[in-house]
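target_15.pdb, holding PDB, C-alpha atoms:
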ATOM      1  CA  MET A 226       2.813  -7.669 -32.008
ATOM      2  CA  ASP A 227       4.846 -10.519 -30.545
ATOM      3  CA  THR A 228       8.564  -9.782 -30.695
ATOM      4  CA  SER A 229       9.778 -12.968 -29.079
ATOM      5  CA  GLY A 230      12.648 -14.386 -30.970
ATOM      6  CA  LEU A 231      14.315 -11.177 -32.123
ATOM      7  CA  SER A 232      17.995 -11.684 -32.759
ATOM      8  CA  ILE A 233      19.780  -8.805 -31.006
ATOM      9  CA  LEU A 234      23.457  -7.842 -31.010
ATOM     10  CA  VAL A 235      24.444  -5.675 -28.035
ATOM     11  CA  VAL A 236      27.560  -3.616 -28.775
ATOM     12  CA  ASP A 237      29.236  -1.908 -25.819
ATOM     13  CA  ASP A 238      32.904  -1.600 -24.882
ATOM     14  CA  TYR A 239      32.068  -2.450 -21.268
ATOM     15  CA  PRO A 240      31.608  -6.243 -21.216
ATOM     16  CA  ASP A 241      29.596  -6.183 -17.966
ATOM     17  CA  THR A 242      27.176  -3.635 -19.413
ATOM     18  CA  ALA A 243      26.768  -5.605 -22.631
ATOM     19  CA  SER A 244      26.338  -8.915 -20.807
ATOM     20  CA  SER A 245      23.766  -7.480 -18.389
ATOM     21  CA  MET A 246      21.732  -6.023 -21.257
ATOM     22  CA  ALA A 247      21.907  -9.322 -23.154
ATOM     23  CA  GLU A 248      20.672 -11.229 -20.101
ATOM     24  CA  VAL A 249      17.718  -8.864 -19.650
ATOM     25  CA  LEU A 250      16.828  -9.239 -23.327
ATOM     26  CA  LYS A 251      16.967 -13.038 -23.018
ATOM     27  CA  MET A 252      14.581 -12.833 -20.055
ATOM     28  CA  HIS A 253      12.176 -11.046 -22.427
ATOM     29  CA  GLY A 254      12.342 -13.908 -24.945
ATOM     30  CA  HIS A 255      14.958 -12.580 -27.355
ATOM     31  CA  ARG A 256      18.155 -14.160 -28.608
ATOM     32  CA  ALA A 257      20.948 -11.808 -27.590
ATOM     33  CA  ARG A 258      24.694 -11.856 -28.001
ATOM     34  CA  ILE A 259      27.390  -9.272 -27.372
ATOM     35  CA  ALA A 260      30.326  -7.582 -29.063
ATOM     36  CA  THR A 261      32.711  -5.268 -27.217
ATOM     37  CA  THR A 262      34.436  -3.596 -30.185
ATOM     38  CA  GLY A 263      33.322  -2.224 -33.525
ATOM     39  CA  PRO A 264      35.283  -4.753 -35.600
ATOM     40  CA  GLU A 265      33.913  -7.594 -33.435
ATOM     41  CA  ALA A 266      30.374  -6.302 -34.056
ATOM     42  CA  ILE A 267      30.872  -6.268 -37.838
ATOM     43  CA  ARG A 268      32.350  -9.811 -37.785
ATOM     44  CA  SER A 269      29.456 -10.995 -35.631
ATOM     45  CA  LEU A 270      26.896  -9.594 -38.083
ATOM     46  CA  VAL A 271      28.668 -11.257 -41.015
ATOM     47  CA  ASP A 272      28.656 -14.597 -39.179
ATOM     48  CA  GLU A 273      25.097 -14.300 -37.868
ATOM     49  CA  PRO A 274      22.728 -11.543 -39.009
ATOM     50  CA  ALA A 275      20.689  -9.708 -36.376
ATOM     51  CA  ASP A 276      17.265  -8.126 -36.396
ATOM     52  CA  VAL A 277      18.430  -5.363 -34.036
ATOM     53  CA  VAL A 278      21.767  -3.839 -33.057
ATOM     54  CA  LEU A 279      21.868  -2.003 -29.719
ATOM     55  CA  LEU A 280      24.882   0.216 -30.233
ATOM     56  CA  ASP A 281      26.919   2.312 -27.817
ATOM     57  CA  LEU A 282      28.301   5.458 -29.475
ATOM     58  CA  SER A 283      31.342   6.107 -27.300
ATOM     59  CA  MET A 284      33.715   3.262 -27.979
ATOM     60  CA  PRO A 285      37.476   3.453 -28.421
ATOM     61  CA  GLY A 286      38.936   2.896 -31.864
ATOM     62  CA  MET A 287      35.747   2.583 -33.862
ATOM     63  CA  SER A 288      32.851   4.739 -32.678
ATOM     64  CA  GLY A 289      29.249   3.642 -32.805
ATOM     65  CA  TYR A 290      28.658   5.934 -35.785
ATOM     66  CA  ASP A 291      31.583   4.245 -37.566
ATOM     67  CA  VAL A 292      30.045   0.837 -36.853
ATOM     68  CA  ALA A 293      26.616   1.990 -38.045
ATOM     69  CA  SER A 294      28.163   3.453 -41.193
ATOM     70  CA  ARG A 295      29.937   0.174 -42.011
ATOM     71  CA  ILE A 296      26.698  -1.743 -41.467
ATOM     72  CA  ARG A 297      24.692   0.604 -43.687
ATOM     73  CA  GLN A 298      27.321   0.631 -46.456
ATOM     74  CA  SER A 299      27.682  -3.141 -46.633
ATOM     75  CA  ILE A 300      25.622  -4.773 -49.346
ATOM     76  CA  HIS A 301      26.570  -8.144 -47.849
ATOM     77  CA  LEU A 302      24.894  -7.542 -44.485
ATOM     78  CA  ARG A 303      21.182  -7.871 -43.804
ATOM     79  CA  GLN A 304      20.205  -4.419 -42.571
ATOM     80  CA  PRO A 305      19.206  -4.522 -38.894
ATOM     81  CA  VAL A 306      17.299  -1.924 -36.944
ATOM     82  CA  ILE A 307      19.985   0.176 -35.230
ATOM     83  CA  ILE A 308      19.171   1.555 -31.796
ATOM     84  CA  VAL A 309      21.853   3.809 -30.372
ATOM     85  CA  ILE A 310      22.203   3.691 -26.598
ATOM     86  CA  THR A 311      24.412   6.444 -25.250
ATOM     87  CA  ALA A 312      25.037   9.069 -22.620
ATOM     88  CA  SER A 313      23.120  12.272 -23.265
ATOM     89  CA  GLN A 314      26.252  14.361 -23.818
ATOM     90  CA  THR A 315      27.237  12.322 -26.883
ATOM     91  CA  LEU A 316      23.910  12.988 -28.570
ATOM     92  CA  THR A 317      25.070  16.501 -29.388
ATOM     93  CA  GLU A 318      27.103  14.904 -32.194
ATOM     94  CA  GLN A 319      24.977  14.518 -35.300
ATOM     95  CA  PRO A 320      25.375  11.267 -37.205
ATOM     96  CA  PRO A 321      26.854  11.527 -40.684
ATOM     97  CA  GLU A 322      24.164  11.796 -43.366
ATOM     98  CA  SER A 323      25.063   8.352 -44.690
ATOM     99  CA  VAL A 324      24.241   6.733 -41.350
ATOM    100  CA  ARG A 325      20.626   5.864 -40.685
ATOM    101  CA  ILE A 326      19.988   5.407 -36.978
ATOM    102  CA  ASP A 327      16.503   4.092 -36.331
ATOM    103  CA  HIS A 328      16.171   5.019 -32.633
ATOM    104  CA  PHE A 329      18.124   6.717 -29.853
ATOM    105  CA  LEU A 330      17.973   5.836 -26.155
ATOM    106  CA  ILE A 331      19.726   7.645 -23.294
ATOM    107  CA  LYS A 332      21.687   5.794 -20.587
ATOM    108  CA  PRO A 333      20.618   4.571 -18.182
ATOM    109  CA  VAL A 334      18.119   2.824 -20.421
ATOM    110  CA  VAL A 335      14.558   2.626 -19.172
ATOM    111  CA  LEU A 336      13.682  -1.008 -19.791
ATOM    112  CA  LYS A 337      10.026  -0.203 -20.459
ATOM    113  CA  GLU A 338      11.085   2.204 -23.238
ATOM    114  CA  LEU A 339      13.432  -0.352 -24.836
ATOM    115  CA  VAL A 340      10.803  -3.103 -24.668
ATOM    116  CA  ALA A 341       8.282  -0.739 -26.302
ATOM    117  CA  LYS A 342      10.673  -0.032 -29.196
ATOM    118  CA  LEU A 343      11.450  -3.728 -29.623
ATOM    119  CA  SER A 344       7.730  -4.547 -29.691
ATOM    120  CA  LEU A 345       7.461  -2.634 -32.984
ATOM    121  CA  ILE A 346      10.122  -4.715 -34.731
ATOM    122  CA  ARG A 347       9.326  -7.897 -36.612
ATOM    123  CA  PRO A 348      11.866 -10.692 -36.673
ATOM    124  CA  ALA A 349      13.388 -11.288 -40.106
ATOM    125  CA  THR A 350      12.132 -14.344 -41.931
ATOM    126  CA  ARG A 351      14.599 -17.174 -41.501
ATOM    127  CA  LYS A 352      15.432 -19.680 -44.239
ATOM    128  CA  SER A 353      15.487 -23.286 -43.088
TER     129      SER A 353
END

Mind converting the file's structure to structure tokens?
Amino acid sequence: MDTSGLSILVVDDYPDTASSMAEVLKMHGHRARIATTGPEAIRSLVDEPADVVLLDLSMPGMSGYDVASRIRQSIHLRQPVIIVITASQTLTEQPPESVRIDHFLIKPVVLKELVAKLSLIRPATRKS
């Protein structure tokens, strides 16, 4: 299945990490943008829905699980596929039951594994 054209929001509190990931995704034909805080991610999704959110768990202020919870609870947001990207030690925390995480990836991300997961996702139908 062709996944070119997925709209992807990369959320990571390290701007260099987020920017690098976004650039790699663009090289694979996706539209990628970044957010470096939880509130910025939520605002970004309100302004421009995404097909996929690549979400770091360990962020100051508003954790990745908090961000995912806000996304899942919002009836005003189109529900993206949420892929958590995190260090292995943070995966010992279980997400709250109300938070549906679609996939987990361990840092450093193996590009082949991420591309394989993205290949299973269909872009949302856009209204003209």

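For the set A:Asp281, A:Leu231, A:Val271, A:Pro305, the residue with the smallest atom-to-atom gap to Val334 of chain A is A:Asp281, counting only C-alpha atoms.
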
Quiz item: Can you list, as a ChimeraX atom specification, every protein, DNA or RNA residue that comes within 10 Å of Thr262 of chain A when you count only C-alpha atoms, leaving out same-chain residues fewer than 3 positions away?
Solution: /A:236-240,259,265-267,281,284-289,292

Selection above as a file: C-alpha atoms, as a PDB file, in the frame of the given file:
ATOM      1  CA  VAL A 236      27.560  -3.616 -28.775  1.00  0.00           C
ATOM      2  CA  ASP A 237      29.236  -1.908 -25.819  1.00  0.00           C
ATOM      3  CA  ASP A 238      32.904  -1.600 -24.882  1.00  0.00           C
ATOM      4  CA  TYR A 239      32.068  -2.450 -21.268  1.00  0.00           C
ATOM      5  CA  PRO A 240      31.608  -6.243 -21.216  1.00  0.00           C
ATOM      6  CA  ILE A 259      27.390  -9.272 -27.372  1.00  0.00           C
ATOM      7  CA  GLU A 265      33.913  -7.594 -33.435  1.00  0.00           C
ATOM      8  CA  ALA A 266      30.374  -6.302 -34.056  1.00  0.00           C
ATOM      9  CA  ILE A 267      30.872  -6.268 -37.838  1.00  0.00           C
ATOM     10  CA  ASP A 281      26.919   2.312 -27.817  1.00  0.00           C
ATOM     11  CA  MET A 284      33.715   3.262 -27.979  1.00  0.00           C
ATOM     12  CA  PRO A 285      37.476   3.453 -28.421  1.00  0.00           C
ATOM     13  CA  GLY A 286      38.936   2.896 -31.864  1.00  0.00           C
ATOM     14  CA  MET A 287      35.747   2.583 -33.862  1.00  0.00           C
ATOM     15  CA  SER A 288      32.851   4.739 -32.678  1.00  0.00           C
ATOM     16  CA  GLY A 289      29.249   3.642 -32.805  1.00  0.00           C
ATOM     17  CA  VAL A 292      30.045   0.837 -36.853  1.00  0.00           C
TER      18      VAL A 292
END

Quiz item: If you apply the PyMOL selection byres ((chain A and resi 327) around 10) to this file, what residues do you get, as a PyMOL selection string?
Solution: chain A and resi 277+305-309+324-326+328-329

Generate a file of the selected residues that holds C-alpha atoms, formatted as a compact mmCIF listing (two decimals), keeping the file's coordinate frame.
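Saved as selection10.txt:
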# COMPACT_ATOMS: atom_id res chain seq x y z
CA VAL A 277 18.43 -5.36 -34.04
CA PRO A 305 19.21 -4.52 -38.89
CA VAL A 306 17.30 -1.92 -36.94
CA ILE A 307 19.98 0.18 -35.23
CA ILE A 308 19.17 1.56 -31.80
CA VAL A 309 21.85 3.81 -30.37
CA VAL A 324 24.24 6.73 -41.35
CA ARG A 325 20.63 5.86 -40.68
CA ILE A 326 19.99 5.41 -36.98
CA HIS A 328 16.17 5.02 -32.63
CA PHE A 329 18.12 6.72 -29.85

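Using all atoms listed in the file, the nearest neighbour of Leu279 of chain A within the list A:Leu250, A:Ala341, A:Ile233, A:Ile296 is A:Ile233.
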
Quiz item: Around (19.4, -6.5, -45.1) in the file's frame, which residues reach within 12 Å when counting all atoms listed in the file? Return as a count of residues only?
Solution: 20

Practice problem: Figure out the distance between atom CA of Pro348 of chain A and atom CA of Val235 of chain A, please, to one decimal in Å. | Solution: 16.1 Å

Practice problem: Extract, using only C-alpha atoms, all DNA, RNA and protein residues at most 12 Å from Leu336 of chain A, discarding same-chain residues fewer than 2 positions from it, and format them as a list in words. | Solution: Met246, Val249, Leu250, Met252, His253, Ile310, Leu330, Ile331, Lys332, Pro333, Val334, Glu338, Leu339, Val340, Ala341, Lys342 and Leu343 of chain A

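Distances to Arg256 of chain A were evaluated for A:Asp241, A:Asp291, A:Glu273, A:Glu322 using all atoms listed in the file, and the minimum falls at A:Glu273.
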
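Interatomic distance, atom CA of Thr242 of chain A against atom CA of Arg268 of chain A: 20.1 Å.
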
Quiz item: Can you tell me how far atom CA of Gly230 of chain A sits from atom CA of Ala257 of chain A, in Å to one decimal?
Solution: 9.3 Å

How big is the axis-aligned box around all listed atoms of segment 259-274 of chain A once 3 Å goes on each side, and where's its centre, in Å to one decimal, as lines of an AutoDock Vina configuration file?
center_x = 29.0
center_y = -8.4
center_z = -34.1
size_x = 18.6
size_y = 18.4
size_z = 19.8
